[in-house]
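Source file structure_28.txt; content: compact mmCIF, C-alpha atoms and all ligand atoms.
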```txt
# COMPACT_ATOMS: atom_id res chain seq x y z
CA MET G 1 10.68 -11.90 -14.56
CA LEU G 2 7.67 -10.27 -12.99
CA ILE G 3 4.34 -10.76 -14.67
CA LEU G 4 1.54 -8.30 -13.92
CA ALA G 5 -1.89 -9.68 -14.52
CA ARG G 6 -5.49 -8.77 -13.86
CA GLY G 7 -6.53 -11.12 -11.06
CA ALA G 8 -9.34 -12.81 -12.92
CA ASN G 9 -7.26 -14.01 -15.81
CA TYR G 10 -4.63 -15.98 -13.97
CA SER G 11 -6.50 -17.91 -11.30
CA HIS G 12 -5.44 -21.18 -12.86
CA HIS G 13 -1.82 -20.12 -12.59
CA TYR G 14 -2.20 -19.21 -8.88
CA ALA G 15 -3.78 -22.49 -7.98
CA SER G 16 -1.01 -24.30 -9.79
CA MET G 17 1.58 -22.31 -7.85
CA ALA G 18 -0.09 -23.05 -4.51
CA ALA G 19 -0.26 -26.69 -5.48
CA SER G 20 3.46 -26.71 -6.20
CA PHE G 21 4.47 -26.29 -2.57
CA CYS G 22 1.37 -27.34 -0.66
CA PRO G 23 1.04 -30.83 -2.12
CA ALA G 24 -2.28 -31.91 -0.66
CA LEU G 25 -4.42 -29.10 -1.98
CA PRO G 26 -8.09 -29.95 -1.49
CA HIS G 27 -10.34 -30.04 -4.51
CA HIS G 28 -11.51 -26.44 -4.20
CA LEU G 29 -7.89 -25.23 -4.29
CA LYS G 30 -6.87 -27.22 -7.31
CA PRO G 31 -6.67 -25.24 -10.56
CA THR G 32 -10.18 -23.92 -11.04
CA PRO G 33 -12.21 -22.08 -13.64
CA ILE G 34 -11.68 -18.34 -13.44
CA SER G 35 -15.13 -17.80 -11.95
CA ARG G 36 -13.72 -18.46 -8.46
CA PHE G 37 -11.95 -15.10 -8.66
CA PRO G 38 -13.52 -11.67 -8.96
CA LYS G 39 -14.20 -10.73 -12.56
CA VAL G 40 -13.11 -7.15 -11.97
CA SER G 41 -10.38 -6.18 -9.58
CA PHE G 42 -8.83 -2.77 -9.18
CA SER G 43 -5.69 -4.32 -7.85
CA PHE G 44 -3.15 -6.25 -9.81
CA LYS G 45 -2.13 -9.63 -8.62
CA VAL G 46 1.60 -9.93 -8.95
CA PHE G 47 3.65 -13.07 -9.16
CA SER G 48 6.97 -14.18 -10.45
CA SER G 49 7.16 -16.69 -13.24
CA GLN G 50 10.36 -17.95 -11.62
CA THR G 51 8.75 -18.75 -8.29
CA SER G 52 9.33 -22.35 -7.30
CA ALA G 53 8.70 -24.50 -4.29
CA ASP G 54 12.30 -23.99 -3.17
CA GLU G 55 11.99 -20.20 -3.16
CA ASN G 56 8.81 -20.16 -1.13
CA PRO G 57 8.65 -20.39 2.63
CA THR G 58 7.73 -23.86 3.71
CA ARG G 59 7.29 -23.51 7.48
CA VAL G 60 4.27 -21.44 8.40
CA GLY G 61 3.46 -20.16 11.89
CA PHE G 62 -0.05 -19.19 12.99
CA LEU G 63 -0.73 -17.17 16.16
CA GLY G 64 -4.29 -16.58 17.38
CA LEU G 65 -6.87 -19.31 16.87
CA GLY G 66 -10.18 -17.56 17.46
CA ILE G 67 -13.25 -17.52 15.22
CA MET G 68 -11.13 -16.47 12.23
CA GLY G 69 -7.67 -17.82 12.97
CA SER G 70 -8.77 -21.43 13.51
CA PRO G 71 -10.40 -21.96 10.10
CA MET G 72 -7.63 -20.05 8.34
CA ALA G 73 -4.94 -22.23 9.91
CA HIS G 74 -7.13 -25.26 9.21
CA ASN G 75 -7.19 -24.40 5.50
CA LEU G 76 -3.39 -24.12 5.41
CA ILE G 77 -3.06 -27.54 7.06
CA LYS G 78 -5.65 -29.06 4.71
CA ALA G 79 -3.64 -27.68 1.79
CA GLY G 80 -0.61 -29.63 3.00
CA CYS G 81 1.37 -26.75 4.47
CA ASP G 82 3.78 -27.29 7.37
CA VAL G 83 1.99 -25.29 10.09
CA THR G 84 3.04 -24.51 13.67
CA VAL G 85 0.38 -22.98 15.93
CA TRP G 86 0.14 -21.05 19.18
CA ASN G 87 -2.83 -19.59 21.01
CA ARG G 88 -3.10 -17.93 24.42
CA THR G 89 -5.71 -20.51 25.39
CA LYS G 90 -3.85 -23.65 24.48
CA SER G 91 -6.92 -25.89 24.14
CA LYS G 92 -7.85 -24.11 20.89
CA CYS G 93 -4.65 -25.52 19.36
CA ASP G 94 -5.68 -29.12 20.01
CA PRO G 95 -8.02 -29.68 17.00
CA LEU G 96 -5.32 -28.35 14.69
CA ILE G 97 -2.61 -30.45 16.34
CA ASP G 98 -4.89 -33.45 15.73
CA LEU G 99 -4.89 -32.48 12.04
CA GLY G 100 -1.08 -32.45 11.94
CA ALA G 101 -0.06 -28.99 13.12
CA LYS G 102 3.02 -28.57 15.30
CA TYR G 103 2.78 -26.62 18.55
CA LYS G 104 5.14 -24.19 20.25
CA ALA G 105 4.64 -22.68 23.69
CA SER G 106 5.17 -19.00 22.77
CA PRO G 107 4.87 -16.66 19.76
CA GLY G 108 8.65 -16.19 19.85
CA GLU G 109 9.24 -19.93 19.55
CA VAL G 110 6.80 -20.17 16.65
CA ALA G 111 8.53 -17.32 14.84
CA ALA G 112 11.96 -18.84 15.49
CA SER G 113 10.91 -22.16 14.00
CA CYS G 114 9.04 -20.81 10.96
CA ASP G 115 9.85 -18.88 7.77
CA VAL G 116 6.70 -16.83 7.85
CA THR G 117 4.34 -16.26 10.77
CA PHE G 118 0.72 -15.12 10.50
CA ALA G 119 -1.09 -13.51 13.43
CA MET G 120 -4.85 -13.10 13.88
CA LEU G 121 -5.45 -11.34 17.20
CA ALA G 122 -8.42 -9.59 18.73
CA ASP G 123 -7.37 -5.94 18.83
CA PRO G 124 -4.44 -3.49 18.89
CA GLU G 125 -3.45 -4.44 22.45
CA SER G 126 -3.29 -8.20 21.80
CA ALA G 127 -1.64 -7.69 18.40
CA MET G 128 1.07 -5.61 20.11
CA VAL G 129 1.68 -8.01 23.00
CA VAL G 130 1.83 -11.08 20.77
CA ALA G 131 4.19 -9.38 18.30
CA CYS G 132 6.35 -7.29 20.60
CA GLY G 133 5.81 -8.43 24.21
CA GLU G 134 7.99 -10.73 26.27
CA GLN G 135 8.40 -13.96 24.29
CA GLY G 136 6.54 -12.19 21.49
CA ALA G 137 7.03 -13.04 17.84
CA ALA G 138 9.72 -10.36 17.37
CA SER G 139 11.96 -12.24 19.81
CA GLY G 140 12.09 -15.14 17.32
CA MET G 141 12.46 -13.06 14.15
CA SER G 142 15.63 -12.64 12.12
CA PRO G 143 16.65 -11.72 8.57
CA GLY G 144 14.94 -13.90 5.96
CA LYS G 145 11.78 -14.35 8.01
CA GLY G 146 8.44 -12.58 7.64
CA TYR G 147 5.58 -11.51 9.95
CA VAL G 148 2.08 -11.08 8.53
CA ASP G 149 -0.45 -9.45 10.86
CA ILE G 150 -4.01 -10.20 9.77
CA SER G 151 -5.66 -8.68 12.86
CA THR G 152 -7.86 -5.60 12.43
CA VAL G 153 -5.88 -2.82 14.07
CA ASP G 154 -5.26 0.88 13.49
CA GLY G 155 -2.40 2.27 11.40
CA PRO G 156 -0.33 3.50 14.37
CA THR G 157 -0.38 0.02 15.95
CA SER G 158 0.60 -1.57 12.66
CA THR G 159 3.41 0.97 12.27
CA LEU G 160 4.77 0.14 15.74
CA ILE G 161 4.70 -3.60 15.04
CA ASN G 162 6.37 -2.99 11.67
CA ALA G 163 9.19 -1.07 13.39
CA GLN G 164 9.78 -3.82 15.98
CA ILE G 165 9.82 -6.56 13.36
CA LYS G 166 12.11 -4.53 11.08
CA GLU G 167 14.62 -4.09 13.92
CA THR G 168 15.19 -7.84 13.80
CA GLY G 169 15.96 -7.72 10.07
CA ALA G 170 12.73 -9.55 9.19
CA LEU G 171 9.98 -8.31 6.84
CA PHE G 172 6.47 -7.13 7.76
CA LEU G 173 3.11 -7.17 5.99
CA GLU G 174 -0.21 -6.00 7.39
CA ALA G 175 -3.03 -8.02 5.87
CA PRO G 176 -6.43 -7.49 7.53
CA VAL G 177 -9.29 -9.35 5.91
CA SER G 178 -12.78 -8.60 4.71
CA GLY G 179 -15.09 -11.56 5.14
CA SER G 180 -16.25 -13.38 8.22
CA LYS G 181 -16.42 -16.88 9.77
CA LYS G 182 -17.94 -18.66 6.74
CA PRO G 183 -15.61 -17.07 4.15
CA ALA G 184 -12.71 -17.97 6.47
CA GLU G 185 -13.91 -21.59 6.50
CA ASP G 186 -14.42 -21.58 2.74
CA GLY G 187 -11.09 -19.90 1.87
CA GLN G 188 -12.97 -16.91 0.47
CA LEU G 189 -11.47 -14.00 2.40
CA ILE G 190 -10.34 -10.71 0.83
CA PHE G 191 -6.85 -9.64 1.93
CA LEU G 192 -6.08 -5.92 2.27
CA THR G 193 -2.31 -5.89 2.43
CA ALA G 194 0.38 -3.25 2.81
CA GLY G 195 4.05 -3.21 3.75
CA ASP G 196 6.99 -5.13 2.35
CA LYS G 197 6.22 -5.98 -1.24
CA SER G 198 8.74 -8.81 -1.34
CA LEU G 199 6.97 -10.47 1.62
CA TYR G 200 3.63 -9.95 -0.15
CA ASP G 201 5.02 -11.79 -3.17
CA LYS G 202 6.48 -14.51 -0.98
CA VAL G 203 3.22 -15.24 0.90
CA SER G 204 0.73 -14.64 -1.90
CA SER G 205 0.21 -18.35 -2.48
CA TYR G 206 -0.75 -18.75 1.17
CA LEU G 207 -3.13 -15.81 0.91
CA ASP G 208 -4.70 -17.55 -2.08
CA ILE G 209 -5.28 -20.69 0.00
CA MET G 210 -7.11 -18.65 2.66
CA GLY G 211 -8.78 -16.11 0.41
CA LYS G 212 -10.45 -15.38 -2.90
CA SER G 213 -8.68 -12.10 -3.65
CA ARG G 214 -5.93 -9.85 -2.40
CA PHE G 215 -5.06 -6.20 -2.71
CA TYR G 216 -1.59 -4.73 -2.26
CA LEU G 217 -2.08 -1.15 -1.09
CA GLY G 218 1.42 0.21 -0.57
CA ASP G 219 2.77 1.59 2.68
CA VAL G 220 2.04 0.16 6.13
CA GLY G 221 -1.15 1.77 7.42
CA ASN G 222 -3.02 1.64 4.10
CA GLY G 223 -4.28 -1.91 4.73
CA ALA G 224 -5.48 -0.94 8.20
CA ALA G 225 -7.14 2.20 6.84
CA MET G 226 -8.92 0.29 4.07
CA LYS G 227 -10.19 -2.28 6.56
CA LEU G 228 -11.42 0.39 8.98
CA VAL G 229 -13.21 2.34 6.23
CA VAL G 230 -14.98 -0.85 5.07
CA ASN G 231 -15.95 -1.87 8.60
CA MET G 232 -17.10 1.64 9.48
CA ILE G 233 -19.52 1.52 6.55
CA MET G 234 -20.60 -1.99 7.53
CA GLY G 235 -21.21 -1.00 11.16
CA SER G 236 -23.33 1.99 10.14
CA MET G 237 -25.28 -0.11 7.62
CA MET G 238 -26.14 -2.62 10.32
CA THR G 239 -27.49 0.02 12.73
CA SER G 240 -29.55 1.58 9.95
CA PHE G 241 -30.95 -1.84 9.02
CA ALA G 242 -31.81 -2.49 12.68
CA GLU G 243 -33.65 0.85 12.94
CA GLY G 244 -35.64 0.10 9.81
CA LEU G 245 -36.66 -3.38 10.98
CA LEU G 246 -37.87 -2.05 14.33
CA LEU G 247 -39.69 0.95 12.84
CA GLY G 248 -41.40 -1.29 10.29
CA GLU G 249 -42.46 -3.75 12.97
CA LYS G 250 -43.83 -0.96 15.16
CA VAL G 251 -46.08 0.32 12.37
CA GLY G 252 -47.41 -3.18 11.72
CA LEU G 253 -45.20 -4.50 8.93
CA ASP G 254 -43.93 -8.05 8.96
CA PRO G 255 -40.13 -7.78 9.45
CA THR G 256 -39.62 -10.98 7.48
CA VAL G 257 -41.26 -9.29 4.52
CA ILE G 258 -39.11 -6.18 5.04
CA VAL G 259 -35.99 -8.38 4.75
CA GLU G 260 -37.40 -9.96 1.59
CA VAL G 261 -38.26 -6.59 0.03
CA ILE G 262 -34.80 -5.22 0.80
CA SER G 263 -33.16 -8.29 -0.69
CA GLN G 264 -34.77 -7.57 -4.06
CA GLY G 265 -34.04 -3.87 -4.34
CA ALA G 266 -31.19 -1.42 -4.80
CA ILE G 267 -30.09 -1.61 -1.17
CA SER G 268 -29.85 -5.40 -1.10
CA ALA G 269 -26.67 -6.64 0.53
CA PRO G 270 -25.52 -10.15 1.45
CA MET G 271 -25.24 -8.95 5.06
CA PHE G 272 -28.95 -8.07 5.25
CA SER G 273 -30.05 -11.33 3.63
CA MET G 274 -27.78 -13.44 5.81
CA LYS G 275 -28.36 -11.76 9.17
CA GLY G 276 -31.90 -10.40 8.72
CA PRO G 277 -33.80 -13.68 9.27
CA SER G 278 -32.07 -14.42 12.58
CA MET G 279 -32.33 -10.79 13.74
CA VAL G 280 -36.07 -11.00 13.22
CA GLN G 281 -36.05 -13.92 15.68
CA SER G 282 -33.80 -12.03 18.13
CA LYS G 283 -31.04 -14.59 17.52
CA TYR G 284 -27.43 -13.55 17.02
CA PRO G 285 -25.18 -16.56 16.40
CA THR G 286 -21.67 -15.14 16.52
CA ALA G 287 -19.72 -14.76 13.31
CA PHE G 288 -18.29 -11.30 13.97
CA PRO G 289 -18.35 -10.46 17.68
CA LEU G 290 -20.06 -7.18 18.54
CA LYS G 291 -17.09 -6.13 20.70
CA HIS G 292 -14.84 -6.28 17.62
CA GLN G 293 -17.28 -4.24 15.52
CA GLN G 294 -17.34 -1.59 18.26
CA LYS G 295 -13.54 -1.66 18.36
CA ASP G 296 -13.48 -1.07 14.60
CA MET G 297 -15.96 1.83 14.87
CA ARG G 298 -13.75 3.36 17.58
CA LEU G 299 -10.61 2.92 15.49
CA ALA G 300 -12.33 4.28 12.36
CA LEU G 301 -13.48 7.35 14.31
CA GLY G 302 -9.88 7.81 15.46
CA LEU G 303 -8.73 7.62 11.86
CA ALA G 304 -11.33 10.21 10.86
CA GLU G 305 -10.28 12.45 13.74
CA SER G 306 -6.64 12.25 12.63
CA VAL G 307 -7.53 13.90 9.32
CA SER G 308 -10.41 16.08 10.59
CA GLN G 309 -12.98 14.18 8.51
CA SER G 310 -16.55 14.47 9.75
CA THR G 311 -18.21 11.05 10.31
CA PRO G 312 -21.47 11.78 12.18
CA ILE G 313 -23.29 8.63 11.05
CA ALA G 314 -20.49 6.36 12.25
CA ALA G 315 -20.27 8.29 15.52
CA ALA G 316 -23.98 7.74 16.16
CA ALA G 317 -23.70 4.06 15.23
CA ASN G 318 -20.76 3.65 17.58
CA GLU G 319 -22.91 4.86 20.47
CA LEU G 320 -25.36 2.04 19.79
CA TYR G 321 -22.58 -0.57 19.81
CA LYS G 322 -21.41 0.86 23.13
CA VAL G 323 -24.93 0.58 24.55
CA ALA G 324 -25.16 -3.03 23.28
CA LYS G 325 -21.83 -3.83 24.97
CA SER G 326 -23.04 -2.34 28.22
CA HIS G 327 -25.99 -4.74 28.03
CA GLY G 328 -23.70 -7.77 27.93
CA LEU G 329 -23.86 -8.38 24.18
CA SER G 330 -20.09 -8.13 23.47
CA ASP G 331 -19.66 -11.77 22.48
CA HIS G 332 -22.85 -11.99 20.42
CA ASP G 333 -22.78 -11.30 16.71
CA PHE G 334 -22.65 -7.59 15.90
CA SER G 335 -26.21 -7.83 14.52
CA ALA G 336 -27.24 -7.89 18.21
CA VAL G 337 -26.81 -4.12 18.08
CA ILE G 338 -30.55 -4.11 17.28
CA GLU G 339 -31.11 -4.90 20.98
CA ALA G 340 -29.68 -1.48 21.87
CA LEU G 341 -32.67 0.06 20.08
CA LYS G 342 -35.13 -2.09 22.03
CA VAL G 343 -33.86 -0.94 25.40
CA LYS G 344 -36.66 0.70 27.35
CA ILE G 345 -35.84 3.83 29.31
CA LYS G 346 -37.04 3.41 32.91
CA ASP G 347 -39.45 6.06 34.29
N1 LIG N 401 -14.99 -12.65 13.18
C1 LIG N 401 -15.01 -11.98 12.03
O1 LIG N 401 -15.99 -12.03 11.28
C2 LIG N 401 -13.85 -11.14 11.61
C3 LIG N 401 -12.89 -10.67 12.49
N2 LIG N 401 -11.88 -9.89 12.04
C4 LIG N 401 -10.85 -9.39 12.94
O2 LIG N 401 -9.97 -10.48 13.16
C5 LIG N 401 -9.45 -10.45 14.48
C6 LIG N 401 -9.81 -11.77 15.17
O3 LIG N 401 -11.20 -11.89 15.15
P1 LIG N 401 -11.94 -13.20 15.71
O4 LIG N 401 -11.20 -14.41 15.34
O5 LIG N 401 -13.36 -13.03 15.31
O6 LIG N 401 -11.81 -12.94 17.27
P2 LIG N 401 -11.85 -13.95 18.49
O7 LIG N 401 -12.26 -13.09 19.64
O8 LIG N 401 -12.60 -15.17 18.19
O9 LIG N 401 -10.30 -14.36 18.66
C7 LIG N 401 -9.39 -13.45 19.18
C8 LIG N 401 -8.02 -14.10 19.28
O10 LIG N 401 -7.14 -13.17 19.94
C9 LIG N 401 -6.56 -13.81 21.05
N3 LIG N 401 -6.29 -12.85 22.12
C10 LIG N 401 -7.13 -11.93 22.65
N4 LIG N 401 -6.50 -11.20 23.59
C11 LIG N 401 -5.24 -11.69 23.68
C12 LIG N 401 -4.11 -11.34 24.47
N5 LIG N 401 -4.14 -10.35 25.37
N6 LIG N 401 -2.98 -12.03 24.28
C13 LIG N 401 -2.91 -13.05 23.37
N7 LIG N 401 -3.96 -13.41 22.59
C14 LIG N 401 -5.10 -12.73 22.74
C15 LIG N 401 -7.57 -14.84 21.48
O11 LIG N 401 -6.96 -15.82 22.31
P3 LIG N 401 -7.84 -16.71 23.31
O12 LIG N 401 -8.38 -17.83 22.49
O13 LIG N 401 -6.88 -17.13 24.35
O14 LIG N 401 -8.92 -15.81 23.86
C16 LIG N 401 -8.01 -15.37 20.13
O15 LIG N 401 -7.05 -16.23 19.59
C17 LIG N 401 -10.05 -9.21 15.13
O16 LIG N 401 -9.13 -8.16 14.98
C18 LIG N 401 -11.30 -8.95 14.31
O17 LIG N 401 -11.69 -7.59 14.33
C19 LIG N 401 -11.73 -9.59 10.71
C20 LIG N 401 -12.62 -10.04 9.80
C21 LIG N 401 -13.78 -10.80 10.18
O1 LIG N 402 -14.22 -7.51 10.31
C1 LIG N 402 -15.22 -8.21 10.06
C2 LIG N 402 -15.79 -8.22 8.75
C3 LIG N 402 -16.98 -9.10 8.62
C4 LIG N 402 -17.39 -9.21 7.18
O2 LIG N 402 -16.70 -8.69 6.29
O3 LIG N 402 -18.41 -9.88 6.95
```
If you convert what's in this file into structure tokens, what do you get?
Amino acid sequence: MLILARGANYSHHYASMAASFCPALPHHLKPTPISRFPKVSFSFKVFSSQTSADENPTRVGFLGLGIMGSPMAHNLIKAGCDVTVWNRTKSKCDPLIDLGAKYKASPGEVAASCDVTFAMLADPESAMVVACGEQGAASGMSPGKGYVDISTVDGPTSTLINAQIKETGALFLEAPVSGSKKPAEDGQLIFLTAGDKSLYDKVSSYLDIMGKSRFYLGDVGNGAAMKLVVNMIMGSMMTSFAEGLLLGEKVGLDPTVIVEVISQGAISAPMFSMKGPSMVQSKYPTAFPLKHQQKDMRLALGLAESVSQSTPIAAAANELYKVAKSHGLSDHDFSAVIEALKVKIKD
């Protein structure tokens, strides 16, 4: 029997379910008060009252162990899941192997040895090659298995990967996340999923280990679109914030006070409060690399183009990210875009 429930009301039930097949759930994943989950959610969380440990996948693959993938895989291992990892740069697997993860030498071998495989890759190109390239995950897929791509990519890329995975008889779910390095470490990500509903149901307990909420959005492409819309807004907000800080400073205001004033008013946002103090000191410790934010602006502009939607603010913001990249700031946090506005034009 399927039970449909508003997310907030059934958090205890979810944690119990996760606990049922990931025995060593850490304290924060044990059944918790409902305050851990959003009070209002426009999505329904869906689960089956008949779900049991036996019906759930028990061997989990994880491909791509960068800033996000490493802590996400770490949380699965900490929760007692049977995790097999792969990363292009093998050394990034070592800390997880030390924690008990298994290792395979290619995405295809991971997929062949696991029931469900998650992938967290940099961009459309790497997501494609890891899923569909030689020795890619698709080469190890077969009926009964599932592939969950968490990377931020565009809808057309996701659709191509879906088609390749489906040809093997396996299921596909796109599941990009909102939330950055710290939420990934804390298991507080927001999953924006679309694709095979039965795979969504099958992996929901894993999503609940890595995240605080999840949305099922229907057909493949909707998760990617939601993620790109959110990140387009975020990228434009950051450039606007940077402009304001620099303008304020130039007219003699203390930028630290500007950050404080903003934090108390209608435009307060966690992003401004978290990143503002370090931006004021021209420090950009990387949580979300600037090159990925620029990639997301580019993909969002492509999405807008595909439906003839005007997005002039995002287009202008994208130019600043491009300038910042050309100044060698790709691997800094995306808040380093402020440096693009400090660049002096030579006489
Ligand atoms: N950081 C953040 O705050 C967030 C990021 N995202 C999105 O998540 C994804 C991952 O982000 P993040 O972890 O920050 O990025 P990182 O740059 O830290 O990690 C990228 C991963 O992709 C792998 N990779 C890159 N190119 C290739 C390739 N050609 N073949 C195989 N593997 C490749 C890297 O392997 P290697 O280690 O060998 O380089 C690494 O595992 C991106 O799509 C990003 O937009 C989403 C939400 C938040
Ligand atoms: O894609 C990156 C998102 C970063 C965030 O949501 O803080």
| field | Among the residues G:Pro143, G:Gly252, G:Gly235, G:Gly211, the one that comes closest to Phe172 in chain G [using only C-alpha atoms] | value |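 Closest candidate: G:Pro143.
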| query | What residues have any atom no more than 7 Å from ligand LIG 401 (chain N) when counting all atoms listed in the file, and can you list them as a PyMOL selection string? | reply | chain G and resi 64-69+87-89+92+120-123+125-126+129-130+150-153+176-181+287-289+292-293+296
| field | Using all atoms listed in the file: which of G:Lys291, G:Lys283, G:Lys342, G:Lys166 has the shortest distance to Leu247 in chain G | value |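 Checking each candidate against Leu247 in chain G, we get G:Lys342 as the closest.
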| message | With distances taken over only C-alpha atoms, which residue among G:Phe62, G:Pro124, G:Ile161, G:His74 lies nearest Ser106 in chain G? | response |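 For Ser106 in chain G, the nearest of the given residues is G:Phe62.
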| note | If you count only C-alpha atoms and all ligand atoms, the residue of G:Ser113, G:Gln188, G:Gln264, G:Gln309 closest to ligand LIG 402 (chain N) turns out to be G:Gln188
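The two atoms in question, CA of Cys93 in chain G and atom C1 of ligand LIG 402 (chain N), are spaced 22.3 Å apart.
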| request: In the coordinate frame of the file, compute which residues have an atom within 10 Å of (-6.7, -0.3, 4.0) when using all atoms listed in the file, and state them as a list in words. | output: Asp154, Gly155, Glu174, Ala175, Pro176, Val177, Phe191, Leu192, Thr193, Ala194, Phe215, Tyr216, Leu217, Gly218, Asp219, Val220, Gly221, Asn222, Gly223, Ala224, Ala225, Met226, Lys227, Leu228, Val229 and Val230 of chain G
| field | d(CA of Lys90 in chain G, CA of Val110 in chain G) in Å | value |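 Here the two named atoms are 13.7 Å from each other.
Residue neighbourhood of Ala336 in chain G, excluding near-sequence residues (fewer than 2 positions): Ala242, Met279, Ser282, Lys283, Tyr284, Leu290, Tyr321, Ala324, Leu329, Ser330, His332, Asp333, Phe334, Ile338, Glu339 and Ala340 of chain G, at 9 Å, using only C-alpha atoms.
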